[in-house]
Each structure stands twice: as structure tokens, then as C-alpha cells.
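Notes follow the structure.
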Amino acid sequence: MHIQILTPAPPGSRAGNRATAERWATLLRNAGHTVSVVTGLSSEDCDVFIALHAWRSHEAIREFHQVKPSVPVITVLTGTDIYHHQLEYPQDTHRSMALADALIGLHHLVAQDIPEVYRSKLITVLQSAGTITPSRTDPGYFDVCVIGHLRDEKDSLRAALACHYLPESSRVRVFNAGKPHTEHWQRQAEAEQARNPRFQWLGELDKPATDALMARSKVMVISSVMEGGANVVSEACRAGLPIIASDIPGNRGLLGSDYPGYFRVMDEQHLAQVLYRAESSPHYLSQLQQWVSKLAGEFVPEAEQKALLKAIEVAIANSKKRLSP
């Protein structure tokens with residue numbers, strides 16, 4: 001089959017949607033399909049159309065459905081789609097969900113957070129990651145990484161703010177890798193770095209540099225206020241890197257409701273308590289490490305490929321039902 005994957009992120013972008021599209025293209029090609037990754041509607045024929053982002057891609061989904069109504073459409077639900085307007089979804093988001101023959105959610109709890117009418121066509125696809133071998137770190141420090149673009153949804157400086165509530169004896173250093181989405185975020189990061197000796201903003205890193213940062217870190221913090229299923233969680237689990245995560249559905253849907261490493265959303269004092277516990281208690285740190293290592297098998301490429309192919313099967317079957325007289 002020829003499959004088109006639409007992503008709002010252009011070639012060369014390090015945005016999560018672009019990385020997902022490129023990884024899925026590889027997995028589907030490895031399964032024997034022809035795949036095109038596009039940023040807008042293409043005149044090229046295809047057998048299945050996959051659109052990342054129900055809200056941002058709405059116009060493309062609507063136009064594609066009008067022009068090629070017989071082609072199965074799969075819409076991928078991001079954190080912005082599910083949680084940014086959760087109390088009242090925009091009409092565009094509703095319409096994208098309705099037009100889709102299948103929906104893809106990126107964590108196990110998505111079904112609880114979308115309208116019931118769309119749940120029957122939802123398939124969970126957990127994003128995969130490669131392995132990262134831990135490297136030796138300076139024993140004089142307890143290095144913490146935060147990986148993700150600086151923006152409101154990520155609450156990107158929460159770990160940096162938590163540093164101010166750590167005891168003076170703490171060895172924690174926070175390294176934040178990510179591109180600022182606005183000048184305001186850049187100014188915030190620069191100001192925090194200037195006043196916080198425990199914090200360093202590294203800017204946007206390429207994949208090898210990001211992997212090296214994870215390899216030398218003791219813990220990763222994911223402080224988002226909303227997530228559709230962050231790939232950095234998959235990467236940390238595959239690396240055996242303990243995670244301290246905000247207590248939100250997108251994180252619980254990957255790590256499990258009983259995961260012992262959550263902190264209250266946007267609460268830097270609570271995050272500081274959890275960070276210091278991880279630093280000062282080898283037993284607790286080992287507990288987190290063992291938990292993420294047990295989850296690692298869920299985030300292998302073979303599992304992601306299998307789930308993707310299932311979503312395509314569901315979309316094709318639902319499309320046939322939709323077109324039958």
C-alpha cells in the first residue's frame with residue numbers, strides 16, 4: 001500500500017510530531033509499504049491517509065475527505081487535541097475525529113479523555129525508542145535532565161524552580177535541553193540560569209547530544225501540564241533512566257497509575273521533595289529504575305509497528321463499512 005503521513009512540522013524540524021512521522025514512515029516501509037511524509041495536501045494518490053494532530057490538521061483532513069472519500073483516514077490525537085480544550089472541544093477537533101475511520105492515541109488512558117462516541121475507533125500506539133547506555137557521571141553531583149521545547153504545555157522550568165527548595169547540601173544539577181517557542185521563554189530561561197547555580201539551559205540539542213545527556217543523568221523530569229504520550233518517556237524507559245513526572249493523564253497512561261515517581265502539577269516545592277528523595281534514598285531511586293526498566297518492552301519498535309498496522313486494518317475495515325450501501 002501507499003501511505004501518506006501528514007504532519008504540521010516541516011522537514012528538519014525537531015518537533016515531536018515530525019519525529020513521530022519520520023519514525024512511523026520507517027516502520028511502515030519496513031513492513032513493505034510505500035510511505036510519503038507531507039506537510040500539506042498532495043495530489044499523489046494513496047491507499048491510507050494518516051494525519052497527525054486533529055486540530056491543526058483539520059482543514060487538510062476535511063479537504064482530503066472531500067476529494068478522496070473512499071480513502072481510509074487515520075487521525076492521531078496529540079496532547080493539544082485531547083487536553084487543551086477538554087471541557088469544550090473546538091468544532092474543528094470534533095470534525096476531525098468524526099471524519100476519521102480510525103483514531104490513534106499515544107497512551108493507555110486516551111479513551112477516558114475523549115468523547116464516548118469516538119472511542120470505538122481508537123487504537124493505542126505507544127511510541128518506541130532506541131536504547132541508550134548509561135555513562136559514568138561525576139559522583140559529586142546528582143544530574144537531572146529535562147528534555148523538551150520550552151513552552152507553556154511543558155511547564156519547562158518547573159525543575160529549575162524546584163532547585164530553590166532543595167537543601168544546601170543537595171548535589172542536584174538540572175540540565176534543560178530544548179528550543180524556546182517564544183522570546184519570552186528564552187528570556188525566562190536565561191534569567192533563571194543567571195540566578196540559579198544549579199541550573200543550566202543547553203538550548204536545542206541534536207539526537208546524539210540529547211542521548212548523551214540522558215546517558216549521564218541520574219533522573220529525568222517531565223513536568224508537563226498536558227501530554228498526549230511523550231516520546232521522552234519511552235526513551236527514558238528504554239534507557240533505564242528513572243523518571244519524575246507530573247501527575248497528569250498523559251504520564252499515568254504510560255507509566256501506570258501506581259508509579260511511585262509523580263509530583264503535583266506545577267508544584268515546585270513538591271517536585272523538590274521528590275527530587276531530594278531520589279537523590280538521598282538509593283532504595284527509592286532503585287525502585288524508580290526497576291519500574292521504568294520493566295516498562296521498556298512496551299516501547300520497542302516491533303510493538304509500535306504492530307499497533308500501527310492494526311490501526312490501518314481498523315481504518316480500512318471502518319472505511320468499507322462507511323462506503324457500503
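Naming scheme: A, B, ... for chains in displayed order of the C-alpha cells; residues 1 onward per chain; ligands 1 onward as shown.
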
With only C-alpha atoms as the counted atoms, please give the residues lying no more than 7 Å from Ala21 of chain A, apart from itself and same-chain residues fewer than 6 positions off, as a ChimeraX atom specification. /A:5,7,37

Skip Ser156 of chain A itself and residues of its chain fewer than 4 positions away, then list as a ChimeraX atom specification all residues within 7 Å of it, counting only C-alpha atoms.
-> /A:150-151,223

Those residues you just picked out, can you put them in a file as a short mmCIF file (atom, residue, chain, number, x, y, z; two decimals), in the first residue's frame with N, CA and C atoms?
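To be explicit, this is the file written out as again-v9.cif:
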data_model
loop_
_atom_site.label_atom_id
_atom_site.label_comp_id
_atom_site.auth_asym_id
_atom_site.auth_seq_id
_atom_site.Cartn_x
_atom_site.Cartn_y
_atom_site.Cartn_z
N LEU A 150 10.78 24.55 25.12
CA LEU A 150 10.31 25.43 26.19
C LEU A 150 8.99 26.08 25.75
N ARG A 151 7.94 25.64 26.39
CA ARG A 151 6.62 26.20 26.10
C ARG A 151 5.67 25.93 27.25
N SER A 223 7.71 17.58 33.34
CA SER A 223 6.88 18.43 34.19
C SER A 223 5.65 18.97 33.47
#

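Considering the residues A:Ile147, A:Cys163, A:Ala296, A:Ile104 and counting only C-alpha atoms, Asp211 of chain A has its shortest atom-to-atom contact with A:Ile147.
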
Taken to one decimal, the atom CA of Gly148 of chain A-atom CA of Pro180 of chain A distance is 9.3 Å

Which residues of segment 61-172 of chain A come within 8 Å of segment 303-314 of chain A, and what is each one's closest atom pair and distance in Å (one decimal), counting only C-alpha atoms, sorted by chain and residue number, as CSV?
residue,atom,partner,partner_atom,distance
A:Ile74,CA,A:Ile312,CA,7.6
A:Asp101,CA,A:Val314,CA,7.6
A:Ala102,CA,A:Val314,CA,6.3
A:Leu103,CA,A:Ala311,CA,7.7
A:Ile104,CA,A:Ala311,CA,7.2
A:Lys121,CA,A:Val314,CA,7.4
A:Ile123,CA,A:Ala311,CA,5.9
A:Thr124,CA,A:Ala307,CA,7.0
A:Val125,CA,A:Ala307,CA,5.4
A:Leu126,CA,A:Glu304,CA,5.9
A:Gln127,CA,A:Glu304,CA,6.1
A:Ser128,CA,A:Glu304,CA,6.1

Could you turn the residues from that selection into a file that holds C-alpha atoms, as an mmCIF file, in the first residue's frame?
data_model
loop_
_atom_site.group_PDB
_atom_site.id
_atom_site.type_symbol
_atom_site.label_atom_id
_atom_site.label_comp_id
_atom_site.auth_asym_id
_atom_site.auth_seq_id
_atom_site.Cartn_x
_atom_site.Cartn_y
_atom_site.Cartn_z
ATOM 1 C CA ILE A 74 -6.483 7.900 10.449
ATOM 2 C CA ASP A 101 -12.024 5.949 10.126
ATOM 3 C CA ALA A 102 -9.628 5.252 12.985
ATOM 4 C CA LEU A 103 -8.085 7.312 15.758
ATOM 5 C CA ILE A 104 -4.652 6.784 17.276
ATOM 6 C CA LYS A 121 -12.373 3.518 16.636
ATOM 7 C CA ILE A 123 -6.243 2.315 18.748
ATOM 8 C CA THR A 124 -3.370 2.835 21.198
ATOM 9 C CA VAL A 125 0.080 3.131 19.633
ATOM 10 C CA LEU A 126 2.901 3.548 22.134
ATOM 11 C CA GLN A 127 5.865 5.384 20.676
ATOM 12 C CA SER A 128 9.088 3.400 20.582
#

* Just the alpha helix (DSSP H) stuff from segment 15-203 of chain A, please, per backbone DSSP, written as a ChimeraX atom specification. => /A:16-30,58-67,79,91-99,158-162,183-195

Please provide as a ChimeraX atom specification all residues within 12 Å of Trp55 of chain A, with the sequence filter that same-chain residues fewer than 3 positions apart are discarded (counting only C-alpha atoms).
/A:7-8,51-52,58-62,75-85,89-97

Contacts of segment 83-174 of chain A with segment 243-248 of chain A up to 12 Å, shortest pair per row, only C-alpha atoms, as a Markdown table:
| residue | atom | partner | partner_atom | distance |
| --- | --- | --- | --- | --- |
| A:Tyr83 | CA | A:Ile248 | CA | 10.2 |
| A:His107 | CA | A:Ile248 | CA | 11.6 |
| A:Leu109 | CA | A:Ile248 | CA | 10.4 |
| A:Val110 | CA | A:Ile248 | CA | 11.6 |
| A:Asp113 | CA | A:Ile248 | CA | 11.5 |
| A:Val144 | CA | A:Ile243 | CA | 9.7 |
| A:Cys145 | CA | A:Ile243 | CA | 9.7 |
| A:Val146 | CA | A:Ile243 | CA | 10.1 |
| A:Ile147 | CA | A:Ile243 | CA | 11.6 |
| A:Glu153 | CA | A:Ile248 | CA | 11.7 |
| A:Lys154 | CA | A:Ser246 | CA | 10.0 |
| A:Asp155 | CA | A:Ser246 | CA | 9.8 |
| A:Ser156 | CA | A:Ser246 | CA | 11.5 |
| A:Arg158 | CA | A:Ser246 | CA | 10.0 |
| A:Ala159 | CA | A:Ile244 | CA | 9.9 |

Find the residues around segment 10-18 of chain A up to 10 Å (only C-alpha atoms counted), leave out those fewer than 3 positions away in its own chain, and share them as a compact mmCIF listing (two decimals) with N, CA and C atoms, in the first residue's frame.
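After the write, around_26.txt holds the following:
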# COMPACT_ATOMS: atom_id res chain seq x y z
N LEU A 6 0.67 12.95 7.16
CA LEU A 6 0.65 14.41 7.20
C LEU A 6 1.07 14.88 8.59
N THR A 7 2.05 15.76 8.65
CA THR A 7 2.46 16.39 9.90
C THR A 7 2.59 17.89 9.68
N ALA A 21 6.30 11.19 12.76
CA ALA A 21 6.00 10.91 11.35
C ALA A 21 7.15 10.18 10.67
N GLU A 22 8.36 10.64 10.92
CA GLU A 22 9.53 10.01 10.29
C GLU A 22 9.74 8.59 10.81
N ARG A 23 9.55 8.40 12.11
CA ARG A 23 9.73 7.05 12.67
C ARG A 23 8.66 6.10 12.14
N TRP A 24 7.42 6.56 12.07
CA TRP A 24 6.35 5.71 11.53
C TRP A 24 6.59 5.38 10.07
N VAL A 37 5.86 11.35 3.58
CA VAL A 37 5.60 12.27 4.68
C VAL A 37 5.41 13.66 4.08
N VAL A 38 4.25 14.27 4.32
CA VAL A 38 3.90 15.55 3.70
C VAL A 38 3.49 16.54 4.78
N THR A 39 3.56 17.83 4.43
CA THR A 39 3.13 18.88 5.35
C THR A 39 1.85 19.56 4.88
N GLY A 40 1.36 19.16 3.73
CA GLY A 40 0.11 19.70 3.18
C GLY A 40 -0.49 18.69 2.23
N LEU A 52 -1.41 13.64 11.59
CA LEU A 52 -1.05 13.93 12.97
C LEU A 52 -1.65 15.26 13.37
N HIS A 53 -2.38 15.24 14.50
CA HIS A 53 -2.94 16.46 15.08
C HIS A 53 -4.33 16.76 14.51
N VAL A 76 -4.37 11.14 14.32
CA VAL A 76 -3.56 10.92 15.51
C VAL A 76 -3.85 12.04 16.51
N THR A 78 -3.05 14.28 19.58
CA THR A 78 -1.94 14.79 20.38
C THR A 78 -2.47 15.32 21.72
N GLY A 148 12.77 18.80 26.19
CA GLY A 148 11.55 19.21 25.51
C GLY A 148 11.59 20.70 25.24
N HIS A 149 10.93 21.11 24.19
CA HIS A 149 10.93 22.53 23.84
C HIS A 149 10.29 23.35 24.95
N GLY A 178 16.21 22.20 25.15
CA GLY A 178 15.01 22.48 24.39
C GLY A 178 15.05 23.87 23.77
N LYS A 179 14.35 24.00 22.67
CA LYS A 179 14.26 25.27 21.95
C LYS A 179 13.11 26.10 22.50
N GLU A 204 18.56 23.95 22.14
CA GLU A 204 18.12 22.78 21.37
C GLU A 204 19.32 21.90 21.02
N LEU A 205 19.22 20.62 21.32
CA LEU A 205 20.29 19.67 21.05
C LEU A 205 19.87 18.70 19.94
N ASP A 206 20.85 18.19 19.20
CA ASP A 206 20.54 17.15 18.23
C ASP A 206 20.40 15.82 18.97
N LYS A 207 20.04 14.76 18.23
CA LYS A 207 19.75 13.47 18.86
C LYS A 207 20.96 12.89 19.59
N ALA A 230 4.27 11.37 25.72
CA ALA A 230 5.57 11.93 25.34
C ALA A 230 6.57 10.83 24.99
N ASN A 231 7.26 11.02 23.85
CA ASN A 231 8.26 10.04 23.42
C ASN A 231 9.47 10.02 24.35
N VAL A 232 9.73 11.12 25.07
CA VAL A 232 10.85 11.10 26.01
C VAL A 232 10.63 10.11 27.14

* Among the residues of segment 103-274 of chain A, find those DSSP assigns to strand (DSSP E) from the backbone and print them as a ChimeraX atom specification. => /A:103-105,122-124,142-147,172-177,199-203,219-222,243-246,262-263

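Candidate residues A:Trp201, A:Tyr259, A:Tyr165, A:Tyr141 were compared for distance to Gln287 of chain A, and the nearest is A:Tyr259, using only C-alpha atoms.
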
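For the residues A:Gln112, A:Ala315, A:Ala239, A:Ala212, ranking by smallest atom-to-atom distance to Gln290 of chain A using only C-alpha atoms places A:Ala239 first.
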
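Of the listed residues A:Asp258, A:Glu268, A:Glu302, A:Glu44, the one whose atoms come nearest to Leu161 of chain A is A:Glu268, with distances taken using only C-alpha atoms.
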
Correct to one decimal, the distance atom CA of Met266 of chain A-atom CA of Arg252 of chain A is 16.0 Å

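Compared by their closest atoms to Ser120 of chain A, and using only C-alpha atoms, the residues A:Met220, A:Ala100, A:Ser170, A:Val35 rank with A:Ala100 nearest.
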
What's the 8 Å shell around Arg238 of chain A, counting only C-alpha atoms, without same-chain residues fewer than 6 positions away, as a list in words? Ala129, Gly130, Thr131, Ile132, Val292, Ser293, Leu295, Ala296, Gly297 and Phe299 of chain A

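Among the candidate residues A:Ile3, A:Leu202, A:Ala111, A:Ala278, the one lying nearest to Val73 of chain A is A:Ile3, with distances computed using only C-alpha atoms.
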
Q. Could you name the residues that touch Asp47 of chain A at 10 Å or less, counting only C-alpha atoms, but leaving out those on the same chain fewer than 2 positions away, as a ChimeraX atom specification?
A. /A:1-4,34,45,49,68,70-73,316
